[in-house]
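Scroll down for the structure; my scribbles are underneath it.
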Amino acid sequence: MKSKLALICTVVAISLCLCACSSAPAQLSVDASSSGQKVEIAAGGSLTVTLESNASTGFQWSEKAEISDSAVLQQVSHEFVAPEKKDVVGAPGKEVWTFKALKKGTSTISMEYSQPWEGGTKAAQTFSLTVVVK
């Protein structure tokens with residue numbers, strides 16, 4: 001009876017350890033609702049950040065994101081995606097950034113939504129994300 005109990009306890013302990021060691025995703029997409037959060041991604045994986053943007057107001061997100069540790073995370077691309085309905089004046093589009101997870105570590109991405117000209121409104125919105133590369 002003691003050996004069966006010991007065997008059951010061992011199996012349960014191993015199962016719990018395996019669940020705790022679940023791997024981080026290789027690809028991850030986030031939007032504005034993730035701002036201020038922490039996400040995990042596998043080394044070698046990619047992260048996509050999509051934020052609403054309305055160029056008709058003169059506002060735009062930072063083209064190049066601020067990355068706290070560029071040895072951990074690298075910006076690969078940034079593009080503006082026009083609104084789906086092209087016949088609607090002032091319709092918002094999206095700005096999309098892609099990042100590559102280079103190696104294990106933690107890095108923070110930060111961006112601002114501003115009017116880039118002198119005297120324009122700065123940091124009307126901000127986005128930040130802590131990325132843990134596993």
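In the structure tokens, each chain is lettered A, B, ... as it comes, each chain's residues begin at 1, and ligands are numbered from 1 in order of appearance.
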So which residues touch range 103-110 of chain A within 10 Å, counting only C-alpha atoms, skipping near sequence neighbours fewer than 2 positions away, as a PyMOL selection string? chain A and resi 35-36+38-45+49+62+64-75+99-101+112+126-134
Dump as an mmCIF file, in the first residue's frame, selection limited to N, CA and C atoms:
```cif
data_model
loop_
_atom_site.group_PDB
_atom_site.id
_atom_site.type_symbol
_atom_site.label_atom_id
_atom_site.label_comp_id
_atom_site.auth_asym_id
_atom_site.auth_seq_id
_atom_site.Cartn_x
_atom_site.Cartn_y
_atom_site.Cartn_z
ATOM 1 N N SER A 35 -1.186 46.740 -23.576
ATOM 2 C CA SER A 35 -0.286 47.769 -23.064
ATOM 3 C C SER A 35 -0.150 47.664 -21.546
ATOM 4 N N GLY A 36 1.098 47.743 -21.071
ATOM 5 C CA GLY A 36 1.382 47.650 -19.648
ATOM 6 C C GLY A 36 1.504 46.215 -19.151
ATOM 7 N N LYS A 38 2.834 41.972 -19.462
ATOM 8 C CA LYS A 38 4.035 41.172 -19.686
ATOM 9 C C LYS A 38 3.626 39.966 -20.515
ATOM 10 N N VAL A 39 4.400 39.661 -21.566
ATOM 11 C CA VAL A 39 4.144 38.491 -22.400
ATOM 12 C C VAL A 39 5.412 37.653 -22.489
ATOM 13 N N GLU A 40 5.232 36.382 -22.826
ATOM 14 C CA GLU A 40 6.361 35.474 -23.010
ATOM 15 C C GLU A 40 6.365 34.965 -24.434
ATOM 16 N N ILE A 41 7.581 34.803 -24.975
ATOM 17 C CA ILE A 41 7.746 34.287 -26.322
ATOM 18 C C ILE A 41 9.029 33.468 -26.368
ATOM 19 N N ALA A 42 9.070 32.503 -27.245
ATOM 20 C CA ALA A 42 10.247 31.646 -27.368
ATOM 21 C C ALA A 42 11.367 32.367 -28.111
ATOM 22 N N ALA A 43 12.595 32.084 -27.739
ATOM 23 C CA ALA A 43 13.751 32.626 -28.455
ATOM 24 C C ALA A 43 13.656 32.177 -29.915
ATOM 25 N N GLY A 44 13.914 33.114 -30.834
ATOM 26 C CA GLY A 44 13.792 32.826 -32.255
ATOM 27 C C GLY A 44 12.401 33.114 -32.796
ATOM 28 N N GLY A 45 11.467 33.388 -31.905
ATOM 29 C CA GLY A 45 10.084 33.639 -32.308
ATOM 30 C C GLY A 45 9.863 35.068 -32.752
ATOM 31 N N VAL A 49 2.881 43.620 -33.043
ATOM 32 C CA VAL A 49 2.104 44.602 -32.295
ATOM 33 C C VAL A 49 1.281 45.388 -33.311
ATOM 34 N N SER A 62 5.218 56.055 -33.055
ATOM 35 C CA SER A 62 6.664 56.063 -33.279
ATOM 36 C C SER A 62 7.002 55.021 -34.334
ATOM 37 N N LYS A 64 9.992 53.874 -35.061
ATOM 38 C CA LYS A 64 10.935 52.947 -34.433
ATOM 39 C C LYS A 64 10.602 52.882 -32.946
ATOM 40 N N ALA A 65 10.287 51.698 -32.496
ATOM 41 C CA ALA A 65 9.959 51.493 -31.089
ATOM 42 C C ALA A 65 11.210 51.637 -30.230
ATOM 43 N N GLU A 66 11.030 52.116 -29.011
ATOM 44 C CA GLU A 66 12.134 52.121 -28.042
ATOM 45 C C GLU A 66 12.195 50.721 -27.452
ATOM 46 N N ILE A 67 13.364 50.108 -27.509
ATOM 47 C CA ILE A 67 13.567 48.746 -27.004
ATOM 48 C C ILE A 67 14.632 48.818 -25.927
ATOM 49 N N SER A 68 14.285 48.381 -24.707
ATOM 50 C CA SER A 68 15.212 48.541 -23.583
ATOM 51 C C SER A 68 16.453 47.659 -23.701
ATOM 52 N N ASP A 69 16.347 46.494 -24.320
ATOM 53 C CA ASP A 69 17.514 45.616 -24.493
ATOM 54 C C ASP A 69 17.497 45.044 -25.908
ATOM 55 N N SER A 70 18.236 45.705 -26.799
ATOM 56 C CA SER A 70 18.251 45.294 -28.207
ATOM 57 C C SER A 70 19.011 43.990 -28.444
ATOM 58 N N ALA A 71 19.675 43.469 -27.429
ATOM 59 C CA ALA A 71 20.311 42.159 -27.560
ATOM 60 C C ALA A 71 19.277 41.043 -27.400
ATOM 61 N N VAL A 72 18.128 41.370 -26.792
ATOM 62 C CA VAL A 72 17.066 40.396 -26.555
ATOM 63 C C VAL A 72 15.994 40.473 -27.635
ATOM 64 N N LEU A 73 15.667 41.684 -28.071
ATOM 65 C CA LEU A 73 14.550 41.913 -28.986
ATOM 66 C C LEU A 73 14.965 42.897 -30.071
ATOM 67 N N GLN A 74 14.592 42.610 -31.317
ATOM 68 C CA GLN A 74 14.950 43.465 -32.440
ATOM 69 C C GLN A 74 13.706 43.797 -33.262
ATOM 70 N N GLN A 75 13.539 45.082 -33.614
ATOM 71 C CA GLN A 75 12.437 45.465 -34.497
ATOM 72 C C GLN A 75 12.813 45.082 -35.918
ATOM 73 N N PHE A 99 8.645 42.183 -34.354
ATOM 74 C CA PHE A 99 9.883 42.076 -33.583
ATOM 75 C C PHE A 99 10.352 40.630 -33.585
ATOM 76 N N LYS A 100 11.663 40.441 -33.533
ATOM 77 C CA LYS A 100 12.244 39.104 -33.443
ATOM 78 C C LYS A 100 12.853 38.929 -32.067
ATOM 79 N N ALA A 101 12.548 37.799 -31.435
ATOM 80 C CA ALA A 101 13.122 37.453 -30.131
ATOM 81 C C ALA A 101 14.485 36.812 -30.377
ATOM 82 N N GLU A 112 4.991 55.954 -28.671
ATOM 83 C CA GLU A 112 4.104 57.094 -28.409
ATOM 84 C C GLU A 112 3.321 57.439 -29.667
ATOM 85 N N THR A 126 0.195 56.226 -25.231
ATOM 86 C CA THR A 126 1.450 55.484 -25.129
ATOM 87 C C THR A 126 1.146 53.990 -25.124
ATOM 88 N N PHE A 127 2.143 53.215 -25.512
ATOM 89 C CA PHE A 127 2.034 51.760 -25.494
ATOM 90 C C PHE A 127 3.351 51.225 -24.947
ATOM 91 N N SER A 128 3.254 50.298 -24.012
ATOM 92 C CA SER A 128 4.470 49.639 -23.521
ATOM 93 C C SER A 128 4.151 48.163 -23.275
ATOM 94 N N LEU A 129 5.145 47.339 -23.470
ATOM 95 C CA LEU A 129 4.988 45.897 -23.323
ATOM 96 C C LEU A 129 6.295 45.314 -22.844
ATOM 97 N N THR A 130 6.241 44.532 -21.785
ATOM 98 C CA THR A 130 7.431 43.816 -21.317
ATOM 99 C C THR A 130 7.426 42.445 -21.955
ATOM 100 N N VAL A 131 8.521 42.118 -22.629
ATOM 101 C CA VAL A 131 8.626 40.859 -23.349
ATOM 102 C C VAL A 131 9.687 39.988 -22.682
ATOM 103 N N VAL A 132 9.264 38.811 -22.237
ATOM 104 C CA VAL A 132 10.187 37.843 -21.635
ATOM 105 C C VAL A 132 10.450 36.769 -22.683
ATOM 106 N N VAL A 133 11.698 36.678 -23.099
ATOM 107 C CA VAL A 133 12.081 35.678 -24.101
ATOM 108 C C VAL A 133 12.617 34.465 -23.354
ATOM 109 N N LYS A 134 11.985 33.333 -23.603
ATOM 110 C CA LYS A 134 12.345 32.072 -22.920
ATOM 111 C C LYS A 134 13.244 31.215 -23.774
#
```
Expected answer as a PyMOL selection string: alpha helix (DSSP H) residues in chain A: chain A and resi 2-20
Using the selection just defined, write its residues with all heavy atoms as a CSV table (one decimal), in the first residue's frame.
```
chain,number,residue,atom,x,y,z
A,2,LYS,N,2.0,1.3,0.8
A,2,LYS,CA,2.8,2.4,0.8
A,2,LYS,C,3.5,2.6,-0.5
A,2,LYS,O,3.7,3.8,-0.9
A,2,LYS,CB,3.9,2.3,1.9
A,2,LYS,CG,3.3,2.5,3.3
A,2,LYS,CD,4.5,2.4,4.3
A,2,LYS,CE,3.9,2.6,5.7
A,2,LYS,NZ,5.0,2.5,6.7
A,3,SER,N,3.9,1.6,-1.2
A,3,SER,CA,4.6,1.7,-2.5
A,3,SER,C,3.6,2.3,-3.5
A,3,SER,O,4.0,3.0,-4.4
A,3,SER,CB,5.2,0.4,-2.9
A,3,SER,OG,4.1,-0.6,-3.1
A,4,LYS,N,2.3,1.9,-3.5
A,4,LYS,CA,1.4,2.5,-4.4
A,4,LYS,C,1.2,4.0,-4.2
A,4,LYS,O,1.1,4.7,-5.1
A,4,LYS,CB,0.0,1.7,-4.3
A,4,LYS,CG,0.0,0.4,-5.0
A,4,LYS,CD,-1.4,-0.2,-4.9
A,4,LYS,CE,-1.4,-1.6,-5.6
A,4,LYS,NZ,-2.8,-2.1,-5.6
A,5,LEU,N,1.1,4.3,-2.9
A,5,LEU,CA,0.9,5.7,-2.6
A,5,LEU,C,2.2,6.5,-3.0
A,5,LEU,O,2.0,7.6,-3.5
A,5,LEU,CB,0.7,5.9,-1.1
A,5,LEU,CG,0.5,7.3,-0.6
A,5,LEU,CD1,-0.8,7.9,-1.2
A,5,LEU,CD2,0.3,7.3,0.9
A,6,ALA,N,3.3,6.0,-2.8
A,6,ALA,CA,4.6,6.7,-3.2
A,6,ALA,C,4.6,6.8,-4.7
A,6,ALA,O,5.0,7.8,-5.3
A,6,ALA,CB,5.8,5.9,-2.7
A,7,LEU,N,4.2,5.8,-5.4
A,7,LEU,CA,4.2,5.8,-6.9
A,7,LEU,C,3.2,6.9,-7.4
A,7,LEU,O,3.5,7.7,-8.3
A,7,LEU,CB,3.8,4.4,-7.5
A,7,LEU,CG,3.7,4.4,-9.0
A,7,LEU,CD1,5.1,4.7,-9.6
A,7,LEU,CD2,3.2,3.0,-9.4
A,8,ILE,N,2.0,6.9,-6.8
A,8,ILE,CA,1.0,7.9,-7.2
A,8,ILE,C,1.5,9.3,-6.9
A,8,ILE,O,1.4,10.2,-7.8
A,8,ILE,CB,-0.3,7.7,-6.5
A,8,ILE,CG1,-1.0,6.4,-7.0
A,8,ILE,CG2,-1.3,8.9,-6.6
A,8,ILE,CD1,-2.2,5.9,-6.2
A,9,CYS,N,2.1,9.6,-5.8
A,9,CYS,CA,2.7,10.9,-5.4
A,9,CYS,C,3.8,11.3,-6.4
A,9,CYS,O,3.9,12.4,-6.8
A,9,CYS,CB,3.3,10.9,-4.0
A,9,CYS,SG,1.9,10.9,-2.8
A,10,THR,N,4.6,10.3,-6.8
A,10,THR,CA,5.7,10.6,-7.8
A,10,THR,C,5.1,11.0,-9.1
A,10,THR,O,5.6,11.9,-9.8
A,10,THR,CB,6.6,9.3,-7.9
A,10,THR,OG1,7.1,9.0,-6.6
A,10,THR,CG2,7.7,9.6,-8.9
A,11,VAL,N,4.1,10.2,-9.6
A,11,VAL,CA,3.5,10.5,-10.9
A,11,VAL,C,2.9,11.9,-10.9
A,11,VAL,O,3.0,12.7,-11.8
A,11,VAL,CB,2.5,9.4,-11.3
A,11,VAL,CG1,1.6,9.9,-12.5
A,11,VAL,CG2,3.2,8.1,-11.5
A,12,VAL,N,2.2,12.3,-9.8
A,12,VAL,CA,1.5,13.6,-9.7
A,12,VAL,C,2.6,14.7,-9.7
A,12,VAL,O,2.5,15.7,-10.3
A,12,VAL,CB,0.7,13.7,-8.4
A,12,VAL,CG1,0.2,15.1,-8.1
A,12,VAL,CG2,-0.6,12.8,-8.5
A,13,ALA,N,3.7,14.5,-8.9
A,13,ALA,CA,4.8,15.5,-8.9
A,13,ALA,C,5.4,15.7,-10.2
A,13,ALA,O,5.6,16.8,-10.7
A,13,ALA,CB,5.8,15.1,-7.9
A,14,ILE,N,5.6,14.6,-11.0
A,14,ILE,CA,6.2,14.7,-12.3
A,14,ILE,C,5.2,15.5,-13.3
A,14,ILE,O,5.6,16.3,-14.0
A,14,ILE,CB,6.6,13.4,-12.9
A,14,ILE,CG1,7.8,12.8,-12.1
A,14,ILE,CG2,6.9,13.4,-14.4
A,14,ILE,CD1,8.2,11.4,-12.4
A,15,SER,N,4.0,15.1,-13.2
A,15,SER,CA,3.0,15.8,-14.0
A,15,SER,C,2.9,17.3,-13.7
A,15,SER,O,2.8,18.1,-14.7
A,15,SER,CB,1.6,15.2,-13.8
A,15,SER,OG,1.6,13.8,-14.1
A,16,LEU,N,3.0,17.7,-12.5
A,16,LEU,CA,2.9,19.1,-12.1
A,16,LEU,C,4.2,19.8,-12.7
A,16,LEU,O,4.1,20.9,-13.2
A,16,LEU,CB,2.8,19.3,-10.6
A,16,LEU,CG,1.5,18.9,-10.0
A,16,LEU,CD1,1.5,19.0,-8.5
A,16,LEU,CD2,0.4,19.9,-10.5
A,17,CYS,N,5.3,19.2,-12.6
A,17,CYS,CA,6.6,19.8,-13.1
A,17,CYS,C,6.5,20.0,-14.6
A,17,CYS,O,6.9,21.0,-15.2
A,17,CYS,CB,7.8,18.9,-12.8
A,17,CYS,SG,8.2,19.0,-11.0
A,18,LEU,N,5.9,19.0,-15.3
A,18,LEU,CA,5.8,19.1,-16.8
A,18,LEU,C,4.9,20.2,-17.2
A,18,LEU,O,5.1,20.9,-18.1
A,18,LEU,CB,5.4,17.7,-17.4
A,18,LEU,CG,6.4,16.6,-17.3
A,18,LEU,CD1,5.8,15.3,-17.8
A,18,LEU,CD2,7.6,17.0,-18.2
A,19,CYS,N,3.8,20.4,-16.4
A,19,CYS,CA,2.8,21.4,-16.7
A,19,CYS,C,3.5,22.8,-16.5
A,19,CYS,O,3.2,23.8,-17.2
A,19,CYS,CB,1.6,21.3,-15.9
A,19,CYS,SG,0.5,19.9,-16.4
A,20,ALA,N,4.3,22.9,-15.5
A,20,ALA,CA,4.9,24.2,-15.2
A,20,ALA,C,6.0,24.5,-16.2
A,20,ALA,O,6.4,25.7,-16.3
A,20,ALA,CB,5.5,24.1,-13.8
```
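Taking CA of Trp61 in chain A and CA of Phe80 in chain A as the two end points, the separation is 9.8 Å.
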Per-residue DSSP, range 3-134 of chain A, filtered to strand (DSSP E), as a ChimeraX atom specification: /A:27-30,37-41,46-53,60-61,66-67,73-81,93-101,105-114,125-133
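Nearest residue to Val30 in chain A, choosing from A:Gly119, A:Met111, A:Lys85, A:Val96 and counting only C-alpha atoms: A:Val96.
Restricting the calculation to only C-alpha atoms, the smallest distance between Asn54 in chain A and any of A:Thr98, A:Thr121, A:Ser114, A:Ser33 is found for A:Ser114.
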Quick one: residues within 9 Å of Ser29 in chain A, only C-alpha atoms, excluding same-chain residues fewer than 5 positions away - as a short mmCIF file (atom, residue, chain, number, x, y, z; two decimals) with N, CA and C atoms, in the first residue's frame?
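Here's the written file out_28.cif:
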```cif
data_model
loop_
_atom_site.label_atom_id
_atom_site.label_comp_id
_atom_site.auth_asym_id
_atom_site.auth_seq_id
_atom_site.Cartn_x
_atom_site.Cartn_y
_atom_site.Cartn_z
N SER A 46 8.61 35.35 -33.16
CA SER A 46 8.28 36.70 -33.60
C SER A 46 7.07 37.23 -32.85
N LEU A 47 7.08 38.53 -32.65
CA LEU A 47 6.02 39.24 -31.95
C LEU A 47 5.48 40.32 -32.88
N THR A 48 4.15 40.39 -33.01
CA THR A 48 3.52 41.41 -33.82
C THR A 48 2.68 42.31 -32.92
N VAL A 49 2.88 43.62 -33.04
CA VAL A 49 2.10 44.60 -32.30
C VAL A 49 1.28 45.39 -33.31
N THR A 50 -0.04 45.43 -33.13
CA THR A 50 -0.94 46.15 -34.02
C THR A 50 -1.71 47.20 -33.22
#
```
One decimal place gives the CA of Tyr113 in chain A-CA of Lys94 in chain A separation as 12.1 Å
